Every structure is written in C-alpha cells, then in structure tokens.
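Raw data.tsv, TSV, C-alpha atoms:
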```tsv
chain	number	residue	atom	x	y	z
G	1	MET	CA	103.93	119.72	66.83
G	2	SER	CA	101.40	122.52	67.18
G	3	ASP	CA	100.47	123.97	70.55
G	4	GLU	CA	96.95	122.68	70.10
G	5	THR	CA	98.17	119.14	69.44
G	6	ILE	CA	100.37	119.22	72.51
G	7	ILE	CA	97.44	120.35	74.67
G	8	ILE	CA	95.14	117.66	73.24
G	9	ARG	CA	97.66	114.86	73.82
G	10	LEU	CA	98.49	116.19	77.25
G	11	ARG	CA	94.80	116.39	78.09
G	12	ASN	CA	94.37	112.72	77.24
G	13	ILE	CA	97.19	111.80	79.58
G	14	LEU	CA	95.76	113.94	82.37
G	15	ARG	CA	92.35	112.38	81.91
G	16	ASP	CA	93.83	108.90	82.24
G	17	ASN	CA	95.60	109.88	85.46
G	18	SER	CA	92.72	111.69	87.09
G	19	ALA	CA	89.79	110.34	89.05
G	20	GLU	CA	87.81	113.50	88.29
G	21	GLU	CA	84.50	113.25	86.42
G	22	ARG	CA	84.41	116.29	84.13
G	23	ASP	CA	84.09	117.53	80.58
G	24	TRP	CA	87.67	117.06	79.46
G	25	GLY	CA	86.97	118.79	76.16
G	26	HIS	CA	87.09	122.14	78.00
G	27	VAL	CA	90.50	121.55	79.53
G	28	ASN	CA	92.94	124.07	78.09
G	29	GLY	CA	96.23	125.78	78.89
G	30	GLU	CA	94.68	127.83	81.70
G	31	THR	CA	93.28	124.81	83.53
G	32	THR	CA	95.03	124.17	86.81
G	33	MET	CA	96.47	120.78	87.71
G	34	GLU	CA	94.79	120.97	91.07
G	35	SER	CA	91.36	121.33	89.48
G	36	LEU	CA	92.05	118.15	87.50
G	37	GLY	CA	92.80	116.16	90.63
G	38	ILE	CA	96.46	115.83	89.71
G	39	ASP	CA	98.51	115.94	92.90
G	40	SER	CA	101.94	114.86	94.00
G	41	LEU	CA	100.74	111.28	94.33
G	42	SER	CA	99.83	111.08	90.64
G	43	ILE	CA	102.90	112.96	89.43
G	44	LEU	CA	104.88	109.77	88.83
G	45	ASP	CA	102.19	108.29	86.61
G	46	LEU	CA	102.01	111.58	84.74
G	47	LEU	CA	105.76	111.65	84.12
G	48	TYR	CA	105.74	108.08	82.84
G	49	ASP	CA	102.89	108.72	80.43
G	50	ILE	CA	104.37	112.00	79.17
G	51	ASP	CA	107.63	110.18	78.45
G	52	GLN	CA	105.75	107.47	76.57
G	53	GLU	CA	103.52	109.88	74.61
G	54	PHE	CA	106.04	112.56	73.69
G	55	ASP	CA	109.32	110.61	74.00
G	56	ILE	CA	110.52	113.45	76.22
G	57	HIS	CA	111.95	112.76	79.66
G	58	LEU	CA	110.95	115.42	82.16
G	59	GLU	CA	112.41	115.64	85.62
G	60	GLY	CA	109.96	115.42	88.47
G	61	SER	CA	111.35	118.60	89.94
G	62	GLU	CA	110.49	120.42	86.71
G	63	VAL	CA	106.87	119.37	86.74
G	64	ILE	CA	105.92	119.10	90.37
G	65	ASP	CA	105.50	122.84	90.95
G	66	MET	CA	103.72	123.56	87.67
G	67	ARG	CA	100.25	124.92	88.23
G	68	THR	CA	98.60	124.77	84.82
G	69	VAL	CA	98.31	122.51	81.82
G	70	GLY	CA	99.78	125.32	79.73
G	71	GLU	CA	103.00	125.41	81.77
G	72	ILE	CA	103.63	121.73	81.10
G	73	ALA	CA	102.73	122.17	77.43
G	74	ASN	CA	105.23	125.05	77.16
G	75	LEU	CA	107.95	122.93	78.70
G	76	LEU	CA	107.23	120.13	76.25
G	77	LYS	CA	107.38	122.61	73.39
G	78	GLN	CA	110.78	123.82	74.61
G	79	ARG	CA	112.00	120.23	74.73
G	80	GLY	CA	111.10	119.59	71.13
G	81	ALA	CA	107.54	118.28	71.17
C	1	MET	CA	111.69	101.27	134.18
C	2	ALA	CA	112.12	98.57	131.56
C	3	LEU	CA	113.44	101.16	129.13
C	4	ALA	CA	115.92	102.44	131.70
C	5	VAL	CA	117.18	98.89	132.20
C	6	LEU	CA	117.56	98.39	128.46
C	7	ASP	CA	119.32	101.69	128.01
C	8	ARG	CA	121.88	101.14	130.78
C	9	SER	CA	122.60	97.47	130.16
C	10	SER	CA	125.25	95.88	128.00
C	11	PRO	CA	124.04	94.72	124.57
C	12	SER	CA	123.97	91.08	125.75
C	13	SER	CA	121.92	91.83	128.83
C	14	ALA	CA	119.64	94.22	126.98
C	15	LEU	CA	118.96	91.67	124.26
C	16	ARG	CA	118.18	88.95	126.79
C	17	PHE	CA	115.90	91.28	128.71
C	18	SER	CA	114.15	92.44	125.54
C	19	ARG	CA	113.40	88.86	124.54
C	20	ARG	CA	111.72	88.27	127.89
C	21	LEU	CA	109.69	91.44	127.51
C	22	ALA	CA	108.71	90.31	124.03
C	23	ASP	CA	107.54	86.97	125.44
C	24	LEU	CA	105.23	88.79	127.84
C	25	TRP	CA	103.90	91.05	125.14
C	26	TRP	CA	103.40	88.09	122.81
C	27	LEU	CA	101.30	86.34	125.45
C	28	VAL	CA	99.13	89.40	125.99
C	29	ASP	CA	98.65	90.59	122.39
C	30	VAL	CA	96.25	87.89	121.25
C	31	ARG	CA	95.14	89.78	118.15
C	32	ARG	CA	98.65	90.14	116.77
C	33	ARG	CA	99.40	86.52	117.60
C	34	ARG	CA	96.42	85.48	115.51
C	35	VAL	CA	97.48	87.72	112.64
C	36	ALA	CA	100.97	86.22	112.76
C	37	ARG	CA	99.58	82.68	112.82
C	38	ASP	CA	97.33	83.36	109.82
C	39	ASN	CA	100.15	85.02	107.87
C	40	ILE	CA	102.61	82.19	108.57
C	41	LEU	CA	100.03	79.65	107.42
C	42	ARG	CA	99.14	81.62	104.31
C	43	ALA	CA	102.80	82.05	103.38
C	44	GLY	CA	103.28	78.30	103.72
C	45	ILE	CA	106.29	78.77	106.00
C	46	GLU	CA	105.01	76.38	108.65
C	47	THR	CA	101.91	74.22	109.05
C	48	ASP	CA	102.52	72.54	112.42
C	49	PRO	CA	100.69	74.53	115.15
C	50	THR	CA	103.56	74.18	117.64
C	51	ARG	CA	106.12	75.44	115.17
C	52	ILE	CA	103.82	78.27	114.12
C	53	ARG	CA	103.58	79.40	117.73
C	54	ALA	CA	107.36	79.19	118.12
C	55	LEU	CA	107.88	81.20	114.95
C	56	SER	CA	105.33	83.80	115.97
C	57	ARG	CA	107.03	84.14	119.35
C	58	GLY	CA	110.44	84.30	117.70
C	59	SER	CA	109.22	87.09	115.45
C	60	ALA	CA	108.06	89.07	118.49
C	61	GLN	CA	111.42	88.53	120.16
C	62	HIS	CA	113.19	89.58	117.00
C	63	PHE	CA	111.45	92.95	116.91
C	64	ALA	CA	112.20	93.63	120.53
C	65	MET	CA	115.83	92.89	119.67
C	66	VAL	CA	115.64	95.32	116.73
C	67	VAL	CA	114.76	98.10	119.20
C	68	VAL	CA	117.74	97.21	121.39
C	69	GLU	CA	120.05	96.93	118.42
C	70	SER	CA	118.96	100.37	117.26
C	71	LEU	CA	119.65	101.80	120.73
C	72	LYS	CA	123.07	100.15	120.81
C	73	SER	CA	123.92	100.69	117.15
C	74	ALA	CA	126.77	103.11	117.87
C	75	ALA	CA	128.85	100.07	118.88
C	76	VAL	CA	128.13	98.40	115.54
C	77	LEU	CA	128.66	101.41	113.36
C	78	GLU	CA	131.80	102.79	114.97
C	79	GLU	CA	134.32	103.69	112.30
C	80	GLU	CA	137.08	101.19	113.05
C	81	ARG	CA	135.08	98.26	114.33
C	82	TRP	CA	132.12	98.00	112.02
C	83	SER	CA	133.60	95.04	110.12
C	84	ASP	CA	133.51	93.03	113.38
C	85	HIS	CA	129.75	93.36	113.26
C	86	ILE	CA	128.68	93.57	109.63
C	87	GLU	CA	129.43	91.09	106.84
C	88	LEU	CA	128.87	92.54	103.42
C	89	LYS	CA	127.30	90.82	100.44
C	90	ILE	CA	126.77	93.85	98.24
C	91	ALA	CA	126.45	93.23	94.51
C	92	PRO	CA	129.35	94.79	92.55
C	93	ASP	CA	127.07	96.95	90.41
C	94	VAL	CA	125.32	98.26	93.54
C	95	MET	CA	128.69	99.05	95.13
C	96	ALA	CA	129.64	101.01	92.01
C	97	VAL	CA	126.51	103.15	92.42
C	98	LEU	CA	127.15	103.61	96.15
C	99	GLU	CA	130.63	104.88	95.34
C	100	ASP	CA	129.44	107.21	92.55
C	101	PRO	CA	128.66	110.65	94.01
C	102	ASP	CA	126.65	111.56	90.90
C	103	GLN	CA	124.24	108.69	91.14
C	104	GLY	CA	121.24	108.16	93.41
C	105	LEU	CA	119.91	104.76	94.41
C	106	ILE	CA	116.52	103.37	95.36
C	107	MET	CA	116.83	100.57	97.91
C	108	ALA	CA	113.73	98.51	98.54
C	109	SER	CA	113.37	96.17	101.47
C	110	GLY	CA	110.78	94.79	103.87
C	111	HIS	CA	110.16	94.57	107.59
C	112	TYR	CA	112.84	91.92	107.85
C	113	GLY	CA	116.06	91.78	109.82
C	114	ASN	CA	117.32	95.14	110.99
C	115	TRP	CA	116.73	97.69	108.23
C	116	GLU	CA	117.80	100.55	110.48
C	117	ILE	CA	121.31	99.19	110.95
C	118	ALA	CA	121.46	98.76	107.17
C	119	ALA	CA	120.30	102.31	106.45
C	120	GLN	CA	122.72	103.82	108.93
C	121	TRP	CA	125.70	101.81	107.71
C	122	LEU	CA	124.92	102.61	104.08
C	123	SER	CA	124.89	106.31	104.92
C	124	ARG	CA	128.70	106.03	104.99
C	125	PHE	CA	128.53	106.23	101.20
C	126	LYS	CA	125.82	108.84	100.74
C	127	PRO	CA	122.91	110.21	102.74
C	128	VAL	CA	120.00	107.85	103.18
C	129	ALA	CA	116.40	109.00	103.41
C	130	GLY	CA	113.74	106.63	104.61
C	131	ILE	CA	110.16	106.83	105.83
C	132	THR	CA	109.86	106.37	109.56
C	133	ARG	CA	106.93	105.82	111.78
C	134	ALA	CA	107.04	106.71	115.44
C	135	MET	CA	106.82	103.82	117.87
C	136	ASN	CA	103.38	103.40	119.41
C	137	ASN	CA	104.84	103.82	122.88
C	138	PRO	CA	105.93	107.46	123.20
C	139	ARG	CA	108.50	106.60	125.89
C	140	VAL	CA	110.16	104.05	123.64
C	141	GLU	CA	110.09	106.56	120.80
C	142	ALA	CA	111.67	109.29	122.94
C	143	LEU	CA	114.40	106.90	124.08
C	144	ILE	CA	115.14	105.83	120.54
C	145	GLN	CA	115.29	109.41	119.30
C	146	ARG	CA	117.71	110.36	122.09
C	147	ARG	CA	120.00	107.37	121.72
C	148	LYS	CA	119.99	106.39	118.09
C	149	PRO	CA	122.95	107.67	116.09
C	150	ARG	CA	121.82	109.20	112.84
C	151	TYR	CA	125.01	109.49	110.83
C	152	ARG	CA	123.62	110.62	107.47
C	153	PHE	CA	120.26	108.95	107.81
C	154	HIS	CA	117.43	111.42	107.30
C	155	PRO	CA	114.09	110.13	108.44
C	156	ILE	CA	111.04	111.26	106.50
C	157	PRO	CA	108.00	111.25	108.77
C	158	LYS	CA	105.21	109.19	107.34
C	159	TYR	CA	102.89	112.19	107.09
C	160	ALA	CA	105.47	113.97	104.89
C	161	ALA	CA	106.20	111.00	102.65
C	162	ASP	CA	105.15	111.93	99.13
C	163	PRO	CA	106.66	111.52	95.66
C	164	GLY	CA	107.79	115.16	95.59
C	165	ARG	CA	110.00	114.53	98.61
C	166	PHE	CA	111.32	111.29	97.12
C	167	LEU	CA	112.15	112.96	93.80
C	168	ALA	CA	114.18	115.58	95.66
C	169	VAL	CA	116.20	112.85	97.42
C	170	LEU	CA	117.03	111.16	94.15
C	171	LYS	CA	117.82	114.43	92.40
C	172	ASP	CA	120.40	115.03	95.14
C	173	CYS	CA	121.94	111.63	94.29
C	174	GLU	CA	121.13	110.21	97.70
C	175	ILE	CA	119.79	106.81	98.68
C	176	LEU	CA	116.03	106.48	99.07
C	177	ALA	CA	115.20	103.50	101.27
C	178	LEU	CA	111.65	102.17	100.96
C	179	LEU	CA	109.96	99.27	102.76
C	180	THR	CA	107.57	97.85	100.22
C	181	ASP	CA	105.79	95.16	102.22
C	182	GLN	CA	103.07	97.19	103.88
C	183	HIS	CA	99.45	96.93	102.92
C	184	ALA	CA	98.76	99.70	100.39
C	185	ARG	CA	95.52	101.31	101.46
C	186	SER	CA	95.10	103.28	98.24
C	187	GLY	CA	96.95	103.64	94.97
C	188	GLY	CA	98.45	100.20	95.31
C	189	MET	CA	98.68	97.20	93.01
C	190	GLN	CA	97.97	93.56	93.73
C	191	VAL	CA	101.28	91.72	93.58
C	192	ASP	CA	101.84	88.14	94.62
C	193	PHE	CA	103.60	87.65	97.94
C	194	PHE	CA	104.17	84.02	98.83
C	195	GLY	CA	101.72	83.18	96.06
C	196	HIS	CA	98.85	85.35	97.30
C	197	PRO	CA	97.94	88.81	95.96
C	198	ALA	CA	98.87	91.60	98.36
C	199	ALA	CA	98.12	95.30	97.91
C	200	THR	CA	101.54	96.86	97.32
C	201	TYR	CA	102.65	100.46	97.00
C	202	THR	CA	103.96	101.16	93.52
C	203	THR	CA	106.27	104.00	94.57
C	204	ALA	CA	109.60	102.16	94.34
C	205	ALA	CA	108.82	100.85	90.87
C	206	MET	CA	107.39	104.11	89.56
C	207	LEU	CA	110.34	106.13	90.86
C	208	HIS	CA	112.72	103.75	89.10
C	209	LEU	CA	110.76	103.91	85.85
C	210	VAL	CA	110.32	107.68	85.87
C	211	THR	CA	113.69	108.89	87.16
C	212	ARG	CA	115.74	106.00	85.76
C	213	THR	CA	117.50	105.81	89.11
C	214	PRO	CA	118.90	102.32	89.71
C	215	LEU	CA	116.94	100.13	92.08
C	216	CYS	CA	117.97	97.18	94.18
C	217	PHE	CA	116.64	95.01	96.99
C	218	ALA	CA	118.55	95.10	100.26
C	219	ALA	CA	118.30	93.27	103.56
C	220	CYS	CA	120.23	93.17	106.80
C	221	ARG	CA	119.86	89.85	108.59
C	222	ARG	CA	121.02	89.11	112.11
C	223	ILE	CA	123.65	86.34	112.13
C	224	GLY	CA	124.69	86.57	115.77
C	225	GLU	CA	124.56	88.89	118.74
C	226	MET	CA	125.09	92.40	117.34
C	227	ARG	CA	126.32	90.78	114.12
C	228	PHE	CA	124.64	91.25	110.79
C	229	GLU	CA	124.85	90.28	107.16
C	230	LEU	CA	124.03	93.13	104.77
C	231	MET	CA	123.12	91.93	101.31
C	232	THR	CA	121.81	93.49	98.14
C	233	SER	CA	120.44	92.06	94.95
C	234	PRO	CA	122.11	93.08	91.70
C	235	LEU	CA	120.71	96.30	90.26
C	236	ILE	CA	117.25	96.15	88.78
C	237	GLN	CA	117.30	98.26	85.62
C	238	HIS	CA	114.00	97.61	83.97
C	239	GLN	CA	113.47	98.67	80.37
C	240	ARG	CA	110.11	100.27	79.88
C	241	SER	CA	107.70	98.32	77.72
C	242	GLY	CA	105.21	101.16	77.31
C	243	ASN	CA	102.72	99.25	79.45
C	244	LYS	CA	102.98	100.97	82.81
C	245	LYS	CA	101.02	98.38	84.78
C	246	HIS	CA	103.05	95.53	83.35
C	247	ASP	CA	106.33	97.30	84.09
C	248	VAL	CA	105.34	98.02	87.68
C	249	GLN	CA	104.07	94.47	88.17
C	250	VAL	CA	107.36	92.98	86.96
C	251	ILE	CA	109.49	95.20	89.19
C	252	LEU	CA	107.38	94.75	92.32
C	253	GLY	CA	107.20	91.01	91.65
C	254	ALA	CA	111.00	90.85	91.53
C	255	LEU	CA	111.29	92.78	94.79
C	256	ASN	CA	108.78	90.48	96.48
C	257	GLU	CA	110.69	87.42	95.30
C	258	HIS	CA	113.90	88.73	96.84
C	259	LEU	CA	112.09	89.42	100.11
C	260	GLU	CA	110.54	85.94	100.11
C	261	THR	CA	113.97	84.38	99.63
C	262	MET	CA	115.38	86.28	102.59
C	263	ILE	CA	112.38	85.44	104.78
C	264	ARG	CA	112.76	81.74	104.07
C	265	GLN	CA	116.38	81.97	105.26
C	266	ALA	CA	115.36	83.41	108.64
C	267	PRO	CA	111.56	83.44	108.99
C	268	ASP	CA	111.70	84.56	112.63
C	269	GLN	CA	113.22	87.85	111.48
C	270	TYR	CA	110.07	88.92	109.64
C	271	LEU	CA	107.16	91.00	110.88
C	272	TRP	CA	104.46	88.36	110.76
C	273	GLY	CA	102.16	90.43	112.98
C	274	HIS	CA	101.28	92.92	110.20
C	275	ARG	CA	98.09	92.20	108.23
C	276	ARG	CA	99.73	91.96	104.82
C	277	TRP	CA	96.83	90.25	103.09
C	278	ARG	CA	93.45	91.90	103.58
C	279	ASP	CA	90.87	89.95	101.66
```
Would you give me this structure, written as structure tokens?
Amino acid sequence: MSDETIIIRLRNILRDNSAEERDWGHVNGETTMESLGIDSLSILDLLYDIDQEFDIHLEGSEVIDMRTVGEIANLLKQRGA
Amino acid sequence: MALAVLDRSSPSSALRFSRRLADLWWLVDVRRRRVARDNILRAGIETDPTRIRALSRGSAQHFAMVVVESLKSAAVLEEERWSDHIELKIAPDVMAVLEDPDQGLIMASGHYGNWEIAAQWLSRFKPVAGITRAMNNPRVEALIQRRKPRYRFHPIPKYAADPGRFLAVLKDCEILALLTDQHARSGGMQVDFFGHPAATYTTAAMLHLVTRTPLCFAACRRIGEMRFELMTSPLIQHQRSGNKKHDVQVILGALNEHLETMIRQAPDQYLWGHRRWRD
C-alpha cells in the first residue's frame, strides 16, 4: 500500500473519530493528533477502527504517545500496510 | 466521634452501629430516598410502597456496612483465615487467567455488594487497579485511607482515570476493575438496564475489543457478618463483527444482565440512591 493510500485511509478513520469541524482534505502526515481533537479518550475507538481498516493490531501503548498522523502511518507501513 | 467508635469497635458492634447511623442518614437525606424509590420502581424490583421504603433503607444500611467492612477488611483478608470469610464461585476459565502471570484481565462490576473486598482479595493473584472516588466526608475518607489494607490494590483517582492509564495496567498483565453502572455523562452509550436505556461508559467493552484482554463480570455479595461470596461470570471473549457500536452494545448488555441477576438475588446490596436513569 502506498504512503498516500495509508494517509487517506487513516484520515477517514480520524475524521470518523473526531468531533472537529474542519477541511479533512488538508490533513497530512504533519498534522498533529491534538489538532484533530484526538485525545486519550478517543484512542480506543481509533485502535478499533485501525484494526478493522488495515487488519493490523496496534498496541495502545504504541499509539498513545504519537503526535502526528505521519507517525501512525509510518508504524502501519512497518507492520505491513 | 462516630468514626472513632466505628474504628475501635469489634466488627459486630461496628456493623450494628453503622446500620443505626445509616438509618439516621436515610431519614434526613430526602433527595436520595426519592431517587432510590424511583429507581426501585423503575427497575421493577418492588411496587409496594412499604417494601420500597424497607429496601431503600436496607440499601442505605448496606453501604454503611461496606464502609465498616472496608475498615475491618484485614480480618477477612488475613492469609490463613480468608476462607472462613469468603466463599468462591470463580469460573474455571477466569481462574486460569488469574493464575496466568502473562495475562491481564478486565473485571467489570457494579455498585453492588462489597467490591472493595473483592478487589483486595483478587490482588492475591495479580495487582488490581480500580478507579476510586474519595468519600464526600473528608474525615471518613481519612479514616479509610489510614485503616484500609491495600495489598496489591492500586487505586486510580477518578481525575486520573483515562484509557492511557488503563492500557498500561493491561499491558502489565494486571487486573483492571471497572464499575460500569454509573451514569455516563459523555462518550457513553444507551444500554438497557432493567429494561430501560441507561447511559453507560463504553470503556470496559472497548478495552476488551481493542486489547483482546479477557473480560468477565464479578461481584462480591455479603452472605453473613463479615462473610462474602465472590463470584465471576465465565470469560466474555467477544469476536469482533466489524460494527463497533453493535459489538460494544452486546458486551455492555451482557455485563448489565449479569449485574441485574446479582441485584435480584440481594436487592438491598445495590446502590439505589444513584441517579442511573436520567431522562
């Protein structure tokens, strides 16, 4: 899967788990999780949806300290996305 | 002075005294009495006004007794004598997880029976982390903190209770104890409780689905003076359907059904004074 595809699919998941009103088309690898309204309370939903979308099980401890969309995308790439 | 009496008395005397204190409090706290009455009616546990009052009063007495039992829990949990005080009805698959040092466990329960005795006894197997809220009365809270044995029970203050903390507990293969019967102010899901939708925190279900840590329901019911029955359901190991809301609904529904069953066995051991349904 290309990096761009990973970011697009990840963006869709983040949009579904965020209460933020924004132009999601501009979300990229540099975008911070905090700016998307993704906090520790929404991390569980995020992990579930990532598992469903990519068929990759990520540990909460791996994701919880990640700051940007790109960091999560890189991890998914490493795991075979 | 009342606390000093409780602290210095034998368990029997302290329990009797606490029930009398509870009676006084029950008479004075009209608001909570009304909440209890409405909840008991809504749950369909009782319909006769006299029996509702008796149950409401019994519930107040029960929670005063829980405070005393927590203060005196060293006697219950003492290494050689615990079996005089606790009867076990732990499902075999739950016991296997308790005995496996490489496996965490999510234990869900409600404000029923004495969950603190349960958490502290279970910490014999592996550390238990649970969310705690300080008592409203700071003197009672200080007394409890001084007297209550902790064993390997690690309280998580309510203000620090977040999924990141819970994930760390499970990663360390510990037991995470969650009471799931509080009104979920935000981020909750409507799940039937005694046939009526109640806003319920999804945390226990989501943690199970995401971490694949086994989940069970547990309860510790009083069966006599300083005697308890500790039970668990079999493990809940839900297979994901891909529909997150459906999965969470099924798991929380199962947990609520277990809690309802226990409440029907001893309805006076439930916290009827909490506004569970907020229409």
* To do: Please provide the set of residues having any atom within 9 Å of C:Asn39, restricted to only C-alpha atoms, with same-chain residues fewer than 3 positions apart removed, written as a list in words.
  => Arg34, Val35, Ala36, Arg42, Ala43, Gly44, Ile45, Trp272, Gly273, His274, Arg275, Arg276 and Trp277 of chain C
Suppose we keep C-alpha atoms; can you now write the selection as a PDB file, keeping the file's coordinate frame?
```
ATOM      1  CA  ARG C  34      96.420  85.480 115.510  1.00  0.00           C
ATOM      2  CA  VAL C  35      97.480  87.720 112.640  1.00  0.00           C
ATOM      3  CA  ALA C  36     100.970  86.220 112.760  1.00  0.00           C
ATOM      4  CA  ARG C  42      99.140  81.620 104.310  1.00  0.00           C
ATOM      5  CA  ALA C  43     102.800  82.050 103.380  1.00  0.00           C
ATOM      6  CA  GLY C  44     103.280  78.300 103.720  1.00  0.00           C
ATOM      7  CA  ILE C  45     106.290  78.770 106.000  1.00  0.00           C
ATOM      8  CA  TRP C 272     104.460  88.360 110.760  1.00  0.00           C
ATOM      9  CA  GLY C 273     102.160  90.430 112.980  1.00  0.00           C
ATOM     10  CA  HIS C 274     101.280  92.920 110.200  1.00  0.00           C
ATOM     11  CA  ARG C 275      98.090  92.200 108.230  1.00  0.00           C
ATOM     12  CA  ARG C 276      99.730  91.960 104.820  1.00  0.00           C
ATOM     13  CA  TRP C 277      96.830  90.250 103.090  1.00  0.00           C
TER      14      TRP C 277
END
```
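The gap separating atom CA of C:Phe125 from atom CA of C:Ile86 is 15.2 Å, in Å to one decimal.
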* To do: Give me, as an NGL selection string, the contact residues of chain G against chain C at a cut-off of 8 Å, counting all atoms listed in the file.
  => :G and (40-41 or 43-45 or 47-48 or 52 or 59-61 or 64)
* To do: Tell me, as a ChimeraX atom specification, which residues lie within 8 Å of C:Thr200, counting only C-alpha atoms; anything in the same chain fewer than 3 positions away does not count.
  => /C:180-184,188-191,252
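Between atom CA of C:Leu55 and atom CA of C:Val30 there is a distance of 14.8 Å.
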* Could you please determine the separation between atom CA of C:Thr50 and atom CA of C:Ala64 in Å, to one decimal place? => 21.5 Å
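Comparing C:Arg51, C:Ala91, C:Ala177, C:Ala129 by their smallest distance to C:Ile156, the closest is C:Ala129 (using only C-alpha atoms).
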